[in-house]
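*Asks:* Structure below; questions to follow.
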Amino acid sequence: MERTLSIIKPDGVAKNVIGDVIKRFETNGIKIAAIKMIHLTKTQAQGFYAVHKDRPFFDSLTDFMTSGPIVVMILEGDDVIAKNRELMGATNFKEAAEGTIRKAYATDIEKNVVHGSDAPETAAFEIGYFFNDLEIQKR
Ligand code: IDP
Ligand code: MG
């Protein structure tokens with residue numbers, strides 16, 4: 001059993017696809033262990049994406065992530081980090097496989113609808129960034 005952090009980014013919320021994204025998780029056997037909608041400040045977005053602070057797209061990415069509300073979730077299941085990345089599709093929507101979330105809804109390499117942790121260490125950091133113990137369902 002593994003956990004990962006998923007975010008429906010501001011473009012996904014604006015496109016009214018929260019339900020579709022969650023449906024894809026549920027139909028693939030993934031459980032939701034925590035969920036909330038928030039609107040990040042610039043400082044909070046910069047903290048979340050600190051690993052990308054030296055990339056040329058950092059300022060634009062953190063502006064985008066503060067442009068509207070997001071839905072933050074903890075997903076739970078066997079191999080869920082990799083499974084979520086598979087359901088999301090490639091970072092660049094032009095390279096995203098048929099049937100993936102990004103293929104369906106992304107319009108831009110930046111505005112790509114969803115975030116998913118990429119490893120156990122990043123999942124642990126990202127889950128702790130958004131959720132405290134009381135907000136996480138224990139099974
Ligand atoms: P990931 O979200 O698929 O893990 P990362 O490389 O971790 O991709 O990048 C984080 C986010 O930064 C991406 O989801 C996307 O929103 C944005 N991003 C990544 N590469 C670029 C780029 O070349 N130009 C603009 N934005 C980018
Ligand atoms: Mg990433």
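Labels used: A, B, ... for chains in the order of the structure tokens, numbers from 1 for residues in each chain, and numbers from 1 for ligands as shown.
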Please identify all polymer residues within 12 Å of Ala90 of chain A, counting only C-alpha atoms, omitting same-chain residues fewer than 2 positions from it, and present them as a PyMOL selection string.

*Replies:* chain A and resi 84-88+92-104+106+108-110+112-116+118

*Asks:* Once DSSP has gone over the backbone, tell me which residues of chain A are in strand (DSSP E), as an NGL selection string.

*Replies:* :A and (2-8 or 31-38 or 70-77 or 114-116)

*Asks:* Between atom 7 (O, counted along the ligand's line) of ligand 1 and atom CA of Tyr129 of chain A, what distance in Å does the model show, to one decimal?

*Replies:*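 Straight-line distance from atom 7 (O, counted along the ligand's line) of ligand 1 to atom CA of Tyr129 of chain A works out to 16.1 Å.
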
*Asks:* Where in segment 32-122 of chain A does DSSP assign alpha helix (DSSP H), given as a ChimeraX atom specification?

*Replies:* /A:42-48,58-65,80-88,101-105,120-122

*Asks:* Restricting the calculation to only C-alpha atoms and all ligand atoms: of A:Ile22, A:Ile30, A:Ala45, A:Ile38, which residue gets closest to ligand 1?

*Replies:* A:Ala45

*Asks:* Name the residues in contact with Gly77 of chain A at a cut-off of 10 Å, using only C-alpha atoms, excluding same-chain residues fewer than 4 positions from it; report them as a PyMOL selection string.

*Replies:* chain A and resi 1-4+28-33+81+83-84

*Asks:* Nearest residue to Glu26 of chain A out of A:Val13, A:Leu75, A:Ala82, A:Ala123, using only C-alpha atoms?

*Replies:*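 Of all the options, A:Leu75 lies closest to Glu26 of chain A.
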
*Asks:* Taking into account only C-alpha atoms and all ligand atoms, which residue in the set A:Gly19, A:Pro56, A:Pro120, A:Gly128 is nearest to ligand 1?

*Replies:*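 That would be A:Pro56, the residue with the smallest distance to ligand 1.
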
*Asks:* Which residue gives the smallest distance to ligand 2 among A:Tyr49, A:Phe131, A:Phe58, A:Phe64, with only C-alpha atoms and all ligand atoms counted?

*Replies:* A:Tyr49

*Asks:* With only C-alpha atoms as the basis for distance, which of A:Val17, A:Val51, A:Ile35, A:Ala124 is at the shortest distance from Gln137 of chain A?

*Replies:*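 Of all the options, A:Ile35 lies closest to Gln137 of chain A.
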
*Asks:* Interatomic distance between atom 21 (C, counted along the ligand's line) of ligand 1 and atom CA of Asp63 of chain A?

*Replies:*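 Going from atom 21 (C, counted along the ligand's line) of ligand 1 over to atom CA of Asp63 of chain A covers 13.2 Å.
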
*Asks:* Find the residue from A:Ser67, A:Thr107, A:Gln44, A:Ser117 that sits nearest to ligand 1; use only C-alpha atoms and all ligand atoms when measuring.

*Replies:*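 The shortest atom-to-atom distance to ligand 1 comes from A:Ser117.
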
*Asks:* Set the distance at 10 Å and use only C-alpha atoms: which residues neighbour Asp59 of chain A once local chain neighbours fewer than 5 positions away are removed? I'd like the list as a ChimeraX atom specification.

*Replies:* /A:42,45-46,52-54,64-65

*Asks:* Rounded to one decimal place, report the atom CA of Arg55 of chain A-atom CA of Thr91 of chain A distance in Å.

*Replies:* 14.9 Å
